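Everything on this sheet refers to the single structure shown next.
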Amino acid sequence: MARLAERHMENADGEWFIDRRCISCGASSSVAPNLVAPASDGKFVIARQPSGQEEVRLAQMAAELCPTRSIGTRSRLQWSPHHPLALTHGVWRCGGNAWASAGGNSYLVQRPDGNILVDAPRWSARLAHRLDELGGIATILITHADDVADAERYSECFDAPVWIHEGDHGAAPFAALTGTGNEPIELAPGALVIPTPGHTRGHVMLLIDATMLLTGDSLAWDPARADLWAEEAVCWHSWPEQLASLERLLDHRFEQIIPSHGAISPRMTAEHMHHRLAALLDHLRV
């Protein structure tokens, strides 16, 4: 719950505010960029109060994503949670982002042969109940060491094995399934795990039906540039390896990316997405 006594002084006057516990993860700003913006110290504040029902809804969703629960209202307004929230066909953003994952998003991917939880939110019995209503969890895929969060609790709740690449296995020693090397692995029919080391030693992405690519922390969408983006400043293992991984990604076809942090991309043709990725690599290798 947001703490009024710790309200950041740069919040716009009014009902909604963000407290000083903000860790600047950007999760909330990604859903409400016109309301949630950086302050002079790099933390986020309510830049202006929501106006109208739709903007109030966006503020509520932003609050549900905040890993430190720093977004709230002076009068402690209550609402029915919006998450899990359908983003595109068969992909739901879970909400309840975890501080342990630096505010990264987790997603439920609905599949005929059993749903896949991609990365984990903080534990919530309410969220577990909602995920059960959506068909439960057959497998939990951890894209990289940063985003384990409460995967073990969800694994125990749903009796679902956890998959992680051996390069990051130390972050989830309870994982029952591991992958090795750089060759793609079929996790389930139509669900291809693509090893993409670089951000971490065992980073992977998940390609669904050669259409949607859940990219973890190695490839993002920059709304300001309306284009793909990757950044050396947030690479924790090896930037040359990350670039090599993105180069191998050109062998695959996808129409949309869904990253752990930030906005999802618009859907476009696979050819257009391939062209954008190739252009990004040209830019990053300069």
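Note on naming: chains are A, B, ... as they come in the structure tokens, residues start from 1 per chain, ligands start from 1 in the order shown.
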Subject >> Those in segment 66-280 of chain A with strand (DSSP E or B) from DSSP, as JSON, numbers by chain >> reply: {"A": [71, 72, 73, 85, 86, 87, 88, 91, 92, 93, 107, 108, 109, 116, 117, 118, 139, 140, 141, 162, 163, 164, 165, 177, 178, 179, 185, 186, 187, 188, 191, 192, 193, 194, 195, 204, 205, 206, 207, 208, 212, 213, 214, 215, 216, 220, 221, 222, 227, 228, 229, 256, 257, 258, 259]}
Subject >> Contact residues around Pro33 of chain A with only C-alpha atoms at 10 Å, ignoring same-chain residues under 5 positions, as a PyMOL selection string >> reply: chain A and resi 26-28+38+46-47+58-59+62
Original post:
segment 270-272 of chain A: which residues within 8 Å, counting only C-alpha atoms, same-chain residues fewer than 6 positions away excluded, as a list in words?
Top reply: Thr211, Arg253, Phe254 and Glu255 of chain A
Create the file for the chosen residues now, containing N, CA, C and O atoms and written as a compact mmCIF listing (two decimals), in the first residue's frame.
```txt
# COMPACT_ATOMS: atom_id res chain seq x y z
N THR A 211 5.05 -16.33 -34.10
CA THR A 211 4.31 -15.07 -34.17
C THR A 211 4.72 -14.10 -33.07
O THR A 211 5.16 -12.99 -33.34
N ARG A 253 11.29 -16.23 -37.40
CA ARG A 253 10.29 -15.27 -37.85
C ARG A 253 9.30 -15.00 -36.72
O ARG A 253 8.82 -15.92 -36.06
N PHE A 254 9.02 -13.73 -36.49
CA PHE A 254 8.05 -13.33 -35.48
C PHE A 254 7.46 -11.99 -35.89
O PHE A 254 8.06 -11.23 -36.65
N GLU A 255 6.27 -11.69 -35.35
CA GLU A 255 5.53 -10.50 -35.76
C GLU A 255 5.36 -9.48 -34.64
O GLU A 255 4.92 -8.36 -34.90
```
**OP:** Between A:Asp159, A:Arg111, A:Leu246, A:Asp146, single out the one closest to His89 of chain A, counting only C-alpha atoms.
**Re:** A:Arg111
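The residue that comes closest to Asp222 of chain A, out of A:Ser24, A:Ser265, A:Thr73, A:Asn115 and on the basis of only C-alpha atoms, is A:Ser265.
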Original post:
Could you name the residues that touch Met205 of chain A at 9 Å or less, counting only C-alpha atoms, but leaving out those on the same chain fewer than 4 positions away, as a ChimeraX atom specification?
Top reply: /A:143-144,192-196,213-218
Subject >> Residue contacts of Ile71 of chain A (9 Å, only C-alpha atoms) excluding same-chain residues fewer than 6 positions away, as a PyMOL selection string >> reply: chain A and resi 1-3+16-19+22+28+45-46+59-60+62-64
Keeping only all heavy atoms, write the selected residues as a short mmCIF file (atom, residue, chain, number, x, y, z; two decimals), in the first residue's frame.
```
data_model
loop_
_atom_site.label_atom_id
_atom_site.label_comp_id
_atom_site.auth_asym_id
_atom_site.auth_seq_id
_atom_site.Cartn_x
_atom_site.Cartn_y
_atom_site.Cartn_z
N MET A 1 0.84 -1.19 0.00
CA MET A 1 0.00 0.00 0.00
C MET A 1 0.89 1.25 0.00
O MET A 1 1.87 1.33 0.73
CB MET A 1 -0.91 0.00 1.23
CG MET A 1 -1.89 1.16 1.28
SD MET A 1 -3.01 1.03 2.67
CE MET A 1 -3.98 -0.40 2.19
N ALA A 2 0.54 2.22 -0.84
CA ALA A 2 1.32 3.45 -0.92
C ALA A 2 1.27 4.20 0.42
O ALA A 2 0.25 4.21 1.10
CB ALA A 2 0.79 4.34 -2.04
N ARG A 3 2.38 4.82 0.76
CA ARG A 3 2.52 5.49 2.06
C ARG A 3 2.46 7.00 1.86
O ARG A 3 3.40 7.61 1.34
CB ARG A 3 3.84 5.10 2.71
CG ARG A 3 3.95 3.60 2.97
CD ARG A 3 5.32 3.22 3.48
NE ARG A 3 5.43 1.77 3.68
CZ ARG A 3 6.56 1.15 4.00
NH1 ARG A 3 7.68 1.84 4.16
NH2 ARG A 3 6.56 -0.16 4.16
N TRP A 16 -4.03 11.10 -6.56
CA TRP A 16 -3.05 10.05 -6.82
C TRP A 16 -1.64 10.52 -6.49
O TRP A 16 -1.29 11.68 -6.72
CB TRP A 16 -3.12 9.60 -8.27
CG TRP A 16 -4.34 8.80 -8.58
CD1 TRP A 16 -5.59 9.27 -8.90
CD2 TRP A 16 -4.45 7.38 -8.56
NE1 TRP A 16 -6.47 8.24 -9.08
CE2 TRP A 16 -5.79 7.05 -8.89
CE3 TRP A 16 -3.55 6.34 -8.32
CZ2 TRP A 16 -6.24 5.73 -8.97
CZ3 TRP A 16 -4.01 5.03 -8.40
CH2 TRP A 16 -5.33 4.74 -8.71
N PHE A 17 -0.81 9.61 -5.99
CA PHE A 17 0.58 9.94 -5.68
C PHE A 17 1.44 8.69 -5.74
O PHE A 17 0.94 7.55 -5.75
CB PHE A 17 0.69 10.58 -4.29
CG PHE A 17 0.44 9.63 -3.14
CD1 PHE A 17 1.50 8.96 -2.52
CD2 PHE A 17 -0.85 9.38 -2.70
CE1 PHE A 17 1.27 8.07 -1.48
CE2 PHE A 17 -1.09 8.50 -1.66
CZ PHE A 17 -0.03 7.83 -1.04
N ILE A 18 2.75 8.89 -5.78
CA ILE A 18 3.73 7.81 -5.70
C ILE A 18 4.66 8.13 -4.54
O ILE A 18 5.10 9.28 -4.39
CB ILE A 18 4.53 7.67 -7.00
CG1 ILE A 18 3.58 7.39 -8.17
CG2 ILE A 18 5.59 6.56 -6.88
CD1 ILE A 18 4.26 7.27 -9.52
N ASP A 19 4.98 7.13 -3.72
CA ASP A 19 5.85 7.41 -2.58
C ASP A 19 7.32 7.20 -2.95
O ASP A 19 7.66 6.71 -4.04
CB ASP A 19 5.42 6.62 -1.34
CG ASP A 19 5.64 5.12 -1.44
OD1 ASP A 19 6.63 4.69 -2.03
OD2 ASP A 19 4.80 4.36 -0.89
N CYS A 22 9.75 4.08 -4.61
CA CYS A 22 9.88 3.76 -6.03
C CYS A 22 11.32 3.35 -6.37
O CYS A 22 12.28 3.99 -5.92
CB CYS A 22 9.48 4.99 -6.85
SG CYS A 22 9.90 4.91 -8.60
N SER A 28 5.24 0.88 -14.27
CA SER A 28 3.99 1.65 -14.22
C SER A 28 3.93 2.69 -15.32
O SER A 28 2.87 2.93 -15.92
CB SER A 28 3.84 2.30 -12.85
OG SER A 28 3.79 1.32 -11.84
N VAL A 45 6.92 9.81 -10.46
CA VAL A 45 5.86 10.52 -9.75
C VAL A 45 4.63 10.61 -10.67
O VAL A 45 4.71 10.33 -11.87
CB VAL A 45 6.29 11.95 -9.34
CG1 VAL A 45 7.43 11.90 -8.33
CG2 VAL A 45 6.69 12.77 -10.57
N ILE A 46 3.50 10.99 -10.08
CA ILE A 46 2.32 11.31 -10.87
C ILE A 46 2.53 12.70 -11.46
O ILE A 46 2.51 13.70 -10.74
CB ILE A 46 1.04 11.26 -10.02
CG1 ILE A 46 0.83 9.86 -9.44
CG2 ILE A 46 -0.17 11.68 -10.85
CD1 ILE A 46 0.61 8.76 -10.47
N ALA A 59 -4.27 4.54 -14.32
CA ALA A 59 -3.60 4.75 -13.04
C ALA A 59 -3.74 3.51 -12.15
O ALA A 59 -2.79 3.10 -11.45
CB ALA A 59 -4.17 5.98 -12.33
N GLN A 60 -4.91 2.89 -12.18
CA GLN A 60 -5.12 1.67 -11.39
C GLN A 60 -4.22 0.55 -11.89
O GLN A 60 -3.60 -0.17 -11.09
CB GLN A 60 -6.60 1.26 -11.48
CG GLN A 60 -7.54 2.23 -10.78
CD GLN A 60 -9.00 1.94 -11.10
OE1 GLN A 60 -9.32 1.15 -12.00
NE2 GLN A 60 -9.90 2.59 -10.38
N ALA A 62 -1.40 0.89 -13.45
CA ALA A 62 -0.03 1.26 -13.09
C ALA A 62 0.26 0.87 -11.64
O ALA A 62 1.33 0.34 -11.32
CB ALA A 62 0.18 2.75 -13.29
N ALA A 63 -0.72 1.10 -10.76
CA ALA A 63 -0.55 0.74 -9.35
C ALA A 63 -0.41 -0.76 -9.19
O ALA A 63 0.37 -1.24 -8.35
CB ALA A 63 -1.74 1.25 -8.54
N GLU A 64 -1.13 -1.55 -9.99
CA GLU A 64 -1.06 -3.00 -9.90
C GLU A 64 0.28 -3.55 -10.36
O GLU A 64 0.67 -4.65 -9.95
CB GLU A 64 -2.20 -3.62 -10.70
CG GLU A 64 -3.58 -3.34 -10.12
CD GLU A 64 -4.71 -3.80 -11.03
OE1 GLU A 64 -4.47 -4.67 -11.89
OE2 GLU A 64 -5.83 -3.27 -10.89
#
```
Original post:
Using only C-alpha atoms, which residue out of A:Val148, A:His199, A:Leu85, A:Ile140 lies closest to Leu127 of chain A?
Top reply: A:Leu85
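Checking A:Ser75, A:Asn11, A:Ser70, A:Ser30 one by one against Ala220 of chain A, counting only C-alpha atoms, you find the shortest gap at A:Ser30.
When atom CA of Ala176 of chain A is paired with atom CA of Ser155 of chain A, their separation reads 10.2 Å.
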